[in-house]
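With mmCIF, C-alpha atoms inside, this is input_21.cif:
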```cif
data_model
loop_
_atom_site.label_atom_id
_atom_site.label_comp_id
_atom_site.auth_asym_id
_atom_site.auth_seq_id
_atom_site.Cartn_x
_atom_site.Cartn_y
_atom_site.Cartn_z
CA MET V 1 32.48 -17.54 -27.95
CA ARG V 2 31.55 -13.85 -27.84
CA ARG V 3 30.51 -12.55 -24.46
CA LYS V 4 26.96 -11.22 -24.44
CA ILE V 5 26.81 -7.51 -23.60
CA ASN V 6 23.97 -5.20 -22.66
CA GLU V 7 24.04 -2.17 -24.95
CA ARG V 8 21.80 -0.26 -22.54
CA LYS V 9 24.06 -0.78 -19.54
CA ILE V 10 26.73 1.70 -18.47
CA VAL V 11 29.26 0.96 -15.76
CA VAL V 12 31.01 3.98 -14.24
CA LEU V 13 34.14 3.40 -12.14
CA THR V 14 35.12 6.45 -10.08
CA GLY V 15 38.09 7.39 -7.93
CA ALA V 16 39.20 10.31 -5.81
CA GLY V 17 39.48 12.73 -8.74
CA VAL V 18 35.72 12.97 -9.15
CA SER V 19 35.24 14.08 -5.53
CA ALA V 20 38.34 16.29 -5.39
CA GLU V 21 36.44 18.85 -7.47
CA SER V 22 33.92 19.01 -4.62
CA GLU V 23 36.87 19.97 -2.39
CA ILE V 24 37.09 16.62 -0.64
CA PRO V 25 40.79 15.97 0.09
CA THR V 26 42.25 12.96 -1.72
CA PHE V 27 44.30 10.31 0.02
CA ARG V 28 47.03 9.54 -2.52
CA ASP V 29 47.80 12.69 -4.54
CA ALA V 30 50.89 14.84 -4.06
CA ASN V 31 49.09 16.89 -1.41
CA GLY V 32 46.86 14.04 -0.28
CA LEU V 33 46.06 12.97 3.25
CA TRP V 34 48.60 10.15 3.28
CA LYS V 35 51.36 12.71 2.71
CA ARG V 36 50.32 14.46 5.93
CA PHE V 37 49.13 11.61 8.12
CA PRO V 38 50.71 8.22 8.95
CA VAL V 39 48.93 5.53 6.94
CA ARG V 40 49.87 2.68 9.24
CA GLU V 41 48.48 4.45 12.32
CA LEU V 42 45.19 5.52 10.73
CA ALA V 43 44.26 3.03 8.02
CA THR V 44 45.33 -0.45 9.08
CA PRO V 45 43.91 -3.02 11.52
CA ALA V 46 47.14 -2.69 13.53
CA GLY V 47 46.72 1.08 13.85
CA TRP V 48 43.14 0.59 15.03
CA LYS V 49 44.26 -1.95 17.64
CA GLU V 50 47.01 0.37 18.91
CA ASN V 51 44.99 3.58 19.18
CA PRO V 52 41.32 3.37 18.21
CA ARG V 53 40.58 6.83 19.63
CA ARG V 54 43.04 8.46 17.21
CA VAL V 55 41.54 6.54 14.27
CA LEU V 56 38.01 7.58 15.20
CA GLU V 57 39.04 11.24 15.48
CA PHE V 58 40.66 11.14 12.03
CA TYR V 59 37.58 9.68 10.32
CA ASN V 60 35.20 11.90 12.28
CA GLU V 61 37.00 14.88 10.69
CA ARG V 62 36.78 13.30 7.22
CA ARG V 63 33.04 12.75 7.78
CA LYS V 64 32.56 16.44 8.60
CA GLU V 65 34.36 17.46 5.39
CA ILE V 66 32.26 15.12 3.28
CA CYS V 67 28.97 16.27 4.80
CA GLN V 68 29.86 19.88 3.97
CA ALA V 69 30.75 19.06 0.34
CA GLN V 70 28.29 19.12 -2.56
CA PRO V 71 28.07 16.98 -5.73
CA ASN V 72 29.77 18.58 -8.73
CA LYS V 73 29.02 18.57 -12.46
CA ALA V 74 30.59 15.15 -12.93
CA HIS V 75 28.41 13.51 -10.28
CA LEU V 76 25.31 15.15 -11.75
CA ALA V 77 26.17 14.14 -15.32
CA ILE V 78 26.64 10.52 -14.26
CA SER V 79 23.22 10.49 -12.62
CA GLU V 80 21.67 12.05 -15.76
CA LEU V 81 22.63 8.94 -17.73
CA GLU V 82 19.94 7.05 -15.83
CA ARG V 83 17.32 8.84 -17.93
CA GLN V 84 18.12 6.47 -20.79
CA TYR V 85 20.38 3.71 -19.45
CA GLU V 86 20.84 1.22 -16.67
CA VAL V 87 23.78 2.76 -14.81
CA ILE V 88 25.95 1.02 -12.22
CA VAL V 89 28.42 3.24 -10.36
CA ILE V 90 31.38 1.40 -8.84
CA THR V 91 33.23 3.86 -6.64
CA GLN V 92 36.45 3.70 -4.69
CA ASN V 93 35.30 6.80 -2.79
CA ILE V 94 33.87 6.60 0.71
CA ASP V 95 31.64 9.68 0.34
CA ASP V 96 27.94 9.79 -0.62
CA LEU V 97 28.15 12.40 -3.40
CA HIS V 98 26.97 9.99 -6.12
CA GLU V 99 23.83 9.22 -4.11
CA ARG V 100 23.19 12.89 -3.38
CA ALA V 101 23.54 13.65 -7.09
CA GLY V 102 20.79 11.13 -7.81
CA SER V 103 22.57 7.90 -8.77
CA GLU V 104 20.39 4.96 -7.76
CA LYS V 105 22.83 2.03 -7.91
CA VAL V 106 26.20 2.70 -6.26
CA ILE V 107 28.64 -0.04 -5.21
CA HIS V 108 31.11 1.24 -2.58
CA VAL V 109 34.07 -1.13 -2.83
CA HIS V 110 36.06 0.79 -0.19
CA GLY V 111 33.15 1.28 2.20
CA GLU V 112 31.07 4.28 3.27
CA ILE V 113 32.16 6.83 5.85
CA LEU V 114 28.55 7.70 6.73
CA LYS V 115 28.16 4.22 8.20
CA ALA V 116 29.72 2.50 11.19
CA ARG V 117 30.33 -1.18 11.63
CA SER V 118 31.08 -3.59 14.40
CA SER V 119 34.76 -4.27 15.04
CA LEU V 120 33.74 -7.84 15.91
CA ASP V 121 31.28 -8.71 13.12
CA GLU V 122 31.77 -6.96 9.75
CA ASN V 123 28.19 -7.76 8.77
CA LEU V 124 26.78 -5.48 11.49
CA ILE V 125 26.61 -2.11 9.73
CA TYR V 126 24.80 0.99 10.97
CA PRO V 127 23.95 4.28 9.19
CA ILE V 128 25.21 7.22 11.27
CA GLY V 129 24.90 10.17 8.86
CA ASN V 130 27.09 13.07 9.95
CA ASN V 131 27.38 11.89 13.56
CA PRO V 132 30.80 11.07 15.04
CA ILE V 133 31.77 7.63 16.30
CA ARG V 134 33.06 7.83 19.87
CA MET V 135 34.82 5.42 22.16
CA GLY V 136 32.12 3.48 23.96
CA ASP V 137 29.75 3.38 20.98
CA LEU V 138 29.03 -0.34 20.76
CA CYS V 139 27.37 -2.74 18.33
CA GLU V 140 24.62 -5.08 19.48
CA LYS V 141 27.25 -7.72 20.29
CA GLY V 142 29.05 -5.33 22.60
CA SER V 143 32.12 -4.46 20.51
CA GLN V 144 33.38 -0.97 19.68
CA LEU V 145 32.03 0.58 16.48
CA ARG V 146 34.57 1.54 13.80
CA PRO V 147 34.28 3.39 10.48
CA HIS V 148 32.75 1.28 7.70
CA VAL V 149 35.75 1.83 5.44
CA VAL V 150 38.24 -0.62 3.95
CA TRP V 151 41.72 -0.23 5.41
CA PHE V 152 45.01 -1.45 4.00
CA GLU V 153 45.34 -5.24 4.43
CA GLU V 154 41.53 -5.65 4.27
CA GLN V 155 39.55 -7.01 1.34
CA VAL V 156 37.51 -4.72 -0.87
CA LEU V 157 33.74 -5.04 -0.68
CA ASP V 158 31.37 -6.49 -3.28
CA TYR V 159 34.11 -7.17 -5.83
CA GLN V 160 32.30 -10.08 -7.47
CA GLU V 161 29.16 -7.99 -7.93
CA ALA V 162 31.20 -5.18 -9.49
CA GLU V 163 32.96 -7.66 -11.78
CA SER V 164 29.69 -9.21 -12.95
CA HIS V 165 28.36 -5.77 -13.97
CA ILE V 166 31.42 -4.63 -15.91
CA LYS V 167 31.62 -7.94 -17.79
CA GLU V 168 28.31 -7.25 -19.53
CA ALA V 169 28.46 -3.45 -19.91
CA GLY V 170 27.90 -1.89 -23.32
CA ARG V 171 29.73 1.25 -22.21
CA VAL V 172 32.34 1.84 -19.49
CA LEU V 173 33.37 5.22 -18.10
CA VAL V 174 36.34 5.51 -15.73
CA VAL V 175 36.72 8.83 -13.89
CA GLY V 176 39.35 10.39 -11.66
CA THR V 177 41.52 7.44 -10.72
CA HIS V 178 45.24 6.63 -10.86
CA LEU V 179 44.39 3.03 -11.81
CA SER V 180 47.07 1.98 -9.33
CA VAL V 181 44.97 0.40 -6.57
CA TYR V 182 44.35 -3.32 -6.96
CA PRO V 183 42.23 -5.31 -7.28
CA MET V 184 40.06 -2.45 -8.57
CA ALA V 185 42.45 -1.42 -11.36
CA GLY V 186 42.17 -4.97 -12.68
CA LEU V 187 38.43 -4.53 -13.17
CA LEU V 188 39.08 -2.54 -16.34
CA LYS V 189 40.39 -5.66 -18.05
CA GLN V 190 37.05 -7.37 -17.46
CA ALA V 191 35.16 -4.97 -19.73
CA PRO V 192 33.94 -6.52 -23.01
CA TYR V 193 36.09 -6.01 -26.09
CA ARG V 194 33.16 -4.52 -28.04
CA ALA V 195 32.11 -2.09 -25.30
CA GLU V 196 32.83 1.62 -25.73
CA LYS V 197 35.37 2.40 -23.03
CA VAL V 198 36.43 5.91 -21.96
CA ILE V 199 38.75 7.20 -19.23
CA VAL V 200 38.54 10.78 -17.92
CA THR V 201 41.48 11.56 -15.64
CA LEU V 202 44.53 13.74 -15.15
CA ALA V 203 46.37 11.06 -13.19
CA VAL V 204 47.14 8.26 -15.67
CA GLU V 205 50.35 8.19 -17.71
CA ARG V 206 49.35 5.42 -20.09
CA LYS V 207 45.90 4.41 -21.16
CA PRO V 208 44.87 0.78 -20.73
CA LYS V 209 44.39 -1.19 -23.94
CA GLY V 210 41.01 -0.65 -25.57
CA TYR V 211 40.18 2.57 -23.71
CA ARG V 212 40.01 6.14 -24.99
CA LEU V 213 41.84 8.53 -22.68
CA LEU V 214 40.51 12.06 -22.23
CA ARG V 215 43.02 13.89 -20.07
CA ALA V 216 40.83 16.50 -18.38
CA ASN V 217 39.07 17.48 -15.18
CA ALA V 218 36.02 15.37 -14.40
CA GLY V 219 33.70 18.36 -14.03
CA HIS V 220 34.60 19.55 -17.53
CA MET V 221 34.73 16.28 -19.48
CA VAL V 222 32.21 13.92 -17.85
CA PRO V 223 29.22 16.08 -18.89
CA TYR V 224 30.56 15.96 -22.48
CA VAL V 225 30.77 12.15 -22.38
CA ALA V 226 27.31 11.89 -20.85
CA ASN V 227 25.83 14.19 -23.49
CA CYS V 228 27.36 12.07 -26.26
CA TRP V 229 25.85 8.89 -24.86
CA LEU V 230 22.47 10.49 -24.21
CA ALA V 231 22.49 11.54 -27.88
CA GLU V 232 23.45 7.95 -28.84
CA ARG V 233 26.82 9.13 -30.22
CA LYS V 234 30.29 7.75 -29.68
CA VAL V 235 32.74 9.87 -27.71
CA GLU V 236 35.31 11.68 -29.85
CA LEU V 237 38.93 11.37 -28.82
CA HIS V 238 39.52 15.11 -29.24
CA PRO V 239 36.22 16.89 -28.53
CA HIS V 240 35.85 20.48 -29.71
#
```
Represent the structure from my file as structure tokens, please.
Amino acid sequence: MRRKINERKIVVLTGAGVSAESEIPTFRDANGLWKRFPVRELATPAGWKENPRRVLEFYNERRKEICQAQPNKAHLAISELERQYEVIVITQNIDDLHERAGSEKVIHVHGEILKARSSLDENLIYPIGNNPIRMGDLCEKGSQLRPHVVWFEEQVLDYQEAESHIKEAGRVLVVGTHLSVYPMAGLLKQAPYRAEKVIVTLAVERKPKGYRLLRANAGHMVPYVANCWLAERKVELHPH
């Protein structure tokens, strides 16, 4: 039986490459943060238990960088699609650049750095904006606040919601990701066979089956893809 799809629904899956053009350092690239900082000490539950002060300082610096950054042409083009379509952004990024660009529905599967959460109860989440989290900042249950980001060995957030959206999308756009982080990379396989599916990235060696690969910077190519869809045209494989 053919899966029913919504021709007016676009799902956009974004990774670090879309924010790198806003000068936000990536985590995994050749010059990324995990090449300069110890992953286990800064992005695992064990690292948090051993030295929470060091973890807080690391993410406080990341928060400063993100608050100083601005949305780029790719973020803005994605938000422009909402003029004619229902658009769901599923992002692996912990910044708020999609929201600042105007996107209304953003699912943060790896959390949001501009929020803190209880280290005792993951459902207690607090917006903190550009403020640091310090030792002694407590949730209402009395436990230390931590960054609301998903660390290694922790489960991604809202995966089922993200999966339900991509399963019915008429168009899928993947931007700036290595497609190496699971379970998110597996989401691409959930897109309908008949959906138009496009990847814009410099980081992928092989394109997944059924997707068109446009090997280019997000800021250059995403506006082209958005303009095609706003004009109700399919995306060419080799745009002029």
**Message:** Here's the selection I'm unsure about, the PyMOL selection byres ((chain V and resi 154) around 12); applied to the file above, which residues does it give, as a PyMOL selection string?
**Reply:** chain V and resi 43-46+109-111+122+148-153+155-157+182-183
**Request:** Name the residues captured by the PyMOL selection byres ((chain V and resi 130-140) around 10) when it is applied to the shown file; answer as number ranges by chain.
**Result:** V: 52-53, 56-57, 59-61, 63-68, 113-121, 124-129, 141-147
**Prompt:** Counting all atoms listed in the file, what is within 10 Å of Lys209 of chain V, bar same-chain residues fewer than 5 positions away, as a ChimeraX atom specification?
**Reply:** /V:188-189,193,197
Selection to disk with C-alpha atoms, as a PDB file, in the frame of the given file:
```
ATOM      1  CA  LEU V 188      39.080  -2.540 -16.340  1.00  0.00           C
ATOM      2  CA  LYS V 189      40.390  -5.660 -18.050  1.00  0.00           C
ATOM      3  CA  TYR V 193      36.090  -6.010 -26.090  1.00  0.00           C
ATOM      4  CA  LYS V 197      35.370   2.400 -23.030  1.00  0.00           C
TER       5      LYS V 197
END
```
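Counting from atom CA of Gln84 of chain V, the distance to atom CA of Ala16 of chain V is 26.1 Å.
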**Distance criterion (all atoms listed in the file): nearest to Glu168 of chain V out of V:Glu41, V:Glu7, V:Glu232, V:Glu50** = V:Glu7
**Request:** Rank nothing, just name the residue among V:Leu76, V:Ile5, V:Ala203, V:Val225 nearest to Ser22 of chain V, using all atoms listed in the file.
**Result:** V:Leu76
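Of the listed residues V:Gly47, V:Gly176, V:Pro38, V:Gly186, the one whose atoms come nearest to Leu214 of chain V is V:Gly176, with distances taken using all atoms listed in the file.
Among V:Lys4, V:His220, V:Arg215, V:Arg233, the residue with the shortest atom-to-atom distance to His75 of chain V, counting all atoms listed in the file, is V:His220.
The closest residue to Ile88 of chain V, picked from V:Arg171, V:Lys234, V:Arg212, V:Arg206 and counting all atoms listed in the file, is V:Arg171.
For the pair atom CA of Leu81 of chain V and atom CA of Ser180 of chain V, the separation is 26.8 Å.
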**Item:** Exercise: Ser103 of chain V partners within 9 Å, all atoms listed in the file, chain neighbours under 6 positions left out, as a PyMOL selection string
**Value:** chain V and resi 75-76+78-80+82+87-89+97
Same residues, C-alpha atoms, saved as a PDB file, keeping the file's coordinate frame:
```
ATOM      1  CA  HIS V  75      28.410  13.510 -10.280  1.00  0.00           C
ATOM      2  CA  LEU V  76      25.310  15.150 -11.750  1.00  0.00           C
ATOM      3  CA  ILE V  78      26.640  10.520 -14.260  1.00  0.00           C
ATOM      4  CA  SER V  79      23.220  10.490 -12.620  1.00  0.00           C
ATOM      5  CA  GLU V  80      21.670  12.050 -15.760  1.00  0.00           C
ATOM      6  CA  GLU V  82      19.940   7.050 -15.830  1.00  0.00           C
ATOM      7  CA  VAL V  87      23.780   2.760 -14.810  1.00  0.00           C
ATOM      8  CA  ILE V  88      25.950   1.020 -12.220  1.00  0.00           C
ATOM      9  CA  VAL V  89      28.420   3.240 -10.360  1.00  0.00           C
ATOM     10  CA  LEU V  97      28.150  12.400  -3.400  1.00  0.00           C
TER      11      LEU V  97
END
```
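Atom CA of Gln92 of chain V sits 5.2 Å away from atom CA of Gly15 of chain V.
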**Message:** Quick check on the file I pasted: which residues fall under the PyMOL selection byres ((chain V and resi 222) around 12)? Write them as a ChimeraX atom specification.
**Reply:** /V:12,14,17-18,72-81,173-176,198-201,214-221,223-229,235,239
Generate the coordinates of N, CA and C atoms for segment 95-119 of chain V; report them as a PDB file, in the frame of the given file.
```
ATOM      1  N   ASP V  95      32.658   8.648   0.140  1.00  0.00           N
ATOM      2  CA  ASP V  95      31.640   9.680   0.340  1.00  0.00           C
ATOM      3  C   ASP V  95      30.303   9.242  -0.290  1.00  0.00           C
ATOM      4  N   ASP V  96      29.288  10.095  -0.106  1.00  0.00           N
ATOM      5  CA  ASP V  96      27.940   9.790  -0.620  1.00  0.00           C
ATOM      6  C   ASP V  96      27.525  10.760  -1.724  1.00  0.00           C
ATOM      7  N   LEU V  97      28.485  11.366  -2.423  1.00  0.00           N
ATOM      8  CA  LEU V  97      28.150  12.400  -3.400  1.00  0.00           C
ATOM      9  C   LEU V  97      27.411  11.828  -4.614  1.00  0.00           C
ATOM     10  N   HIS V  98      27.717  10.597  -5.006  1.00  0.00           N
ATOM     11  CA  HIS V  98      26.970   9.990  -6.120  1.00  0.00           C
ATOM     12  C   HIS V  98      25.484   9.858  -5.754  1.00  0.00           C
ATOM     13  N   GLU V  99      25.221   9.384  -4.542  1.00  0.00           N
ATOM     14  CA  GLU V  99      23.830   9.220  -4.110  1.00  0.00           C
ATOM     15  C   GLU V  99      23.134  10.575  -4.042  1.00  0.00           C
ATOM     16  N   ARG V 100      23.815  11.568  -3.503  1.00  0.00           N
ATOM     17  CA  ARG V 100      23.190  12.890  -3.380  1.00  0.00           C
ATOM     18  C   ARG V 100      22.960  13.534  -4.749  1.00  0.00           C
ATOM     19  N   ALA V 101      23.746  13.140  -5.732  1.00  0.00           N
ATOM     20  CA  ALA V 101      23.540  13.650  -7.090  1.00  0.00           C
ATOM     21  C   ALA V 101      22.376  12.951  -7.783  1.00  0.00           C
ATOM     22  N   GLY V 102      21.936  11.816  -7.233  1.00  0.00           N
ATOM     23  CA  GLY V 102      20.790  11.130  -7.810  1.00  0.00           C
ATOM     24  C   GLY V 102      21.055   9.738  -8.342  1.00  0.00           C
ATOM     25  N   SER V 103      22.286   9.251  -8.286  1.00  0.00           N
ATOM     26  CA  SER V 103      22.570   7.900  -8.770  1.00  0.00           C
ATOM     27  C   SER V 103      21.902   6.874  -7.869  1.00  0.00           C
ATOM     28  N   GLU V 104      21.208   5.915  -8.495  1.00  0.00           N
ATOM     29  CA  GLU V 104      20.390   4.960  -7.760  1.00  0.00           C
ATOM     30  C   GLU V 104      21.164   3.709  -7.333  1.00  0.00           C
ATOM     31  N   LYS V 105      22.112   3.274  -8.186  1.00  0.00           N
ATOM     32  CA  LYS V 105      22.830   2.030  -7.910  1.00  0.00           C
ATOM     33  C   LYS V 105      24.320   2.333  -7.780  1.00  0.00           C
ATOM     34  N   VAL V 106      24.805   2.368  -6.531  1.00  0.00           N
ATOM     35  CA  VAL V 106      26.200   2.700  -6.260  1.00  0.00           C
ATOM     36  C   VAL V 106      26.818   1.576  -5.431  1.00  0.00           C
ATOM     37  N   ILE V 107      27.911   1.011  -5.929  1.00  0.00           N
ATOM     38  CA  ILE V 107      28.640  -0.040  -5.210  1.00  0.00           C
ATOM     39  C   ILE V 107      29.888   0.602  -4.616  1.00  0.00           C
ATOM     40  N   HIS V 108      29.978   0.618  -3.292  1.00  0.00           N
ATOM     41  CA  HIS V 108      31.110   1.240  -2.580  1.00  0.00           C
ATOM     42  C   HIS V 108      32.122   0.150  -2.223  1.00  0.00           C
ATOM     43  N   VAL V 109      33.124  -0.024  -3.063  1.00  0.00           N
ATOM     44  CA  VAL V 109      34.070  -1.130  -2.830  1.00  0.00           C
ATOM     45  C   VAL V 109      35.031  -0.837  -1.686  1.00  0.00           C
ATOM     46  N   HIS V 110      35.189   0.437  -1.313  1.00  0.00           N
ATOM     47  CA  HIS V 110      36.060   0.790  -0.190  1.00  0.00           C
ATOM     48  C   HIS V 110      35.267   1.243   1.035  1.00  0.00           C
ATOM     49  N   GLY V 111      33.964   0.972   1.042  1.00  0.00           N
ATOM     50  CA  GLY V 111      33.150   1.280   2.200  1.00  0.00           C
ATOM     51  C   GLY V 111      32.504   2.658   2.120  1.00  0.00           C
ATOM     52  N   GLU V 112      31.817   3.024   3.207  1.00  0.00           N
ATOM     53  CA  GLU V 112      31.070   4.280   3.270  1.00  0.00           C
ATOM     54  C   GLU V 112      31.306   4.937   4.623  1.00  0.00           C
ATOM     55  N   ILE V 113      31.800   6.161   4.603  1.00  0.00           N
ATOM     56  CA  ILE V 113      32.160   6.830   5.850  1.00  0.00           C
ATOM     57  C   ILE V 113      30.934   7.260   6.649  1.00  0.00           C
ATOM     58  N   LEU V 114      29.758   7.321   6.014  1.00  0.00           N
ATOM     59  CA  LEU V 114      28.550   7.700   6.730  1.00  0.00           C
ATOM     60  C   LEU V 114      27.876   6.495   7.384  1.00  0.00           C
ATOM     61  N   LYS V 115      28.634   5.412   7.486  1.00  0.00           N
ATOM     62  CA  LYS V 115      28.160   4.220   8.200  1.00  0.00           C
ATOM     63  C   LYS V 115      29.245   3.775   9.184  1.00  0.00           C
ATOM     64  N   ALA V 116      28.804   3.128  10.235  1.00  0.00           N
ATOM     65  CA  ALA V 116      29.720   2.500  11.190  1.00  0.00           C
ATOM     66  C   ALA V 116      29.509   0.996  11.131  1.00  0.00           C
ATOM     67  N   ARG V 117      30.521   0.263  11.563  1.00  0.00           N
ATOM     68  CA  ARG V 117      30.330  -1.180  11.630  1.00  0.00           C
ATOM     69  C   ARG V 117      31.001  -1.741  12.878  1.00  0.00           C
ATOM     70  N   SER V 118      30.540  -2.901  13.242  1.00  0.00           N
ATOM     71  CA  SER V 118      31.080  -3.590  14.400  1.00  0.00           C
ATOM     72  C   SER V 118      32.545  -3.956  14.157  1.00  0.00           C
ATOM     73  N   SER V 119      33.370  -3.825  15.171  1.00  0.00           N
ATOM     74  CA  SER V 119      34.760  -4.270  15.040  1.00  0.00           C
ATOM     75  C   SER V 119      34.884  -5.771  15.315  1.00  0.00           C
TER      76      SER V 119
END
```
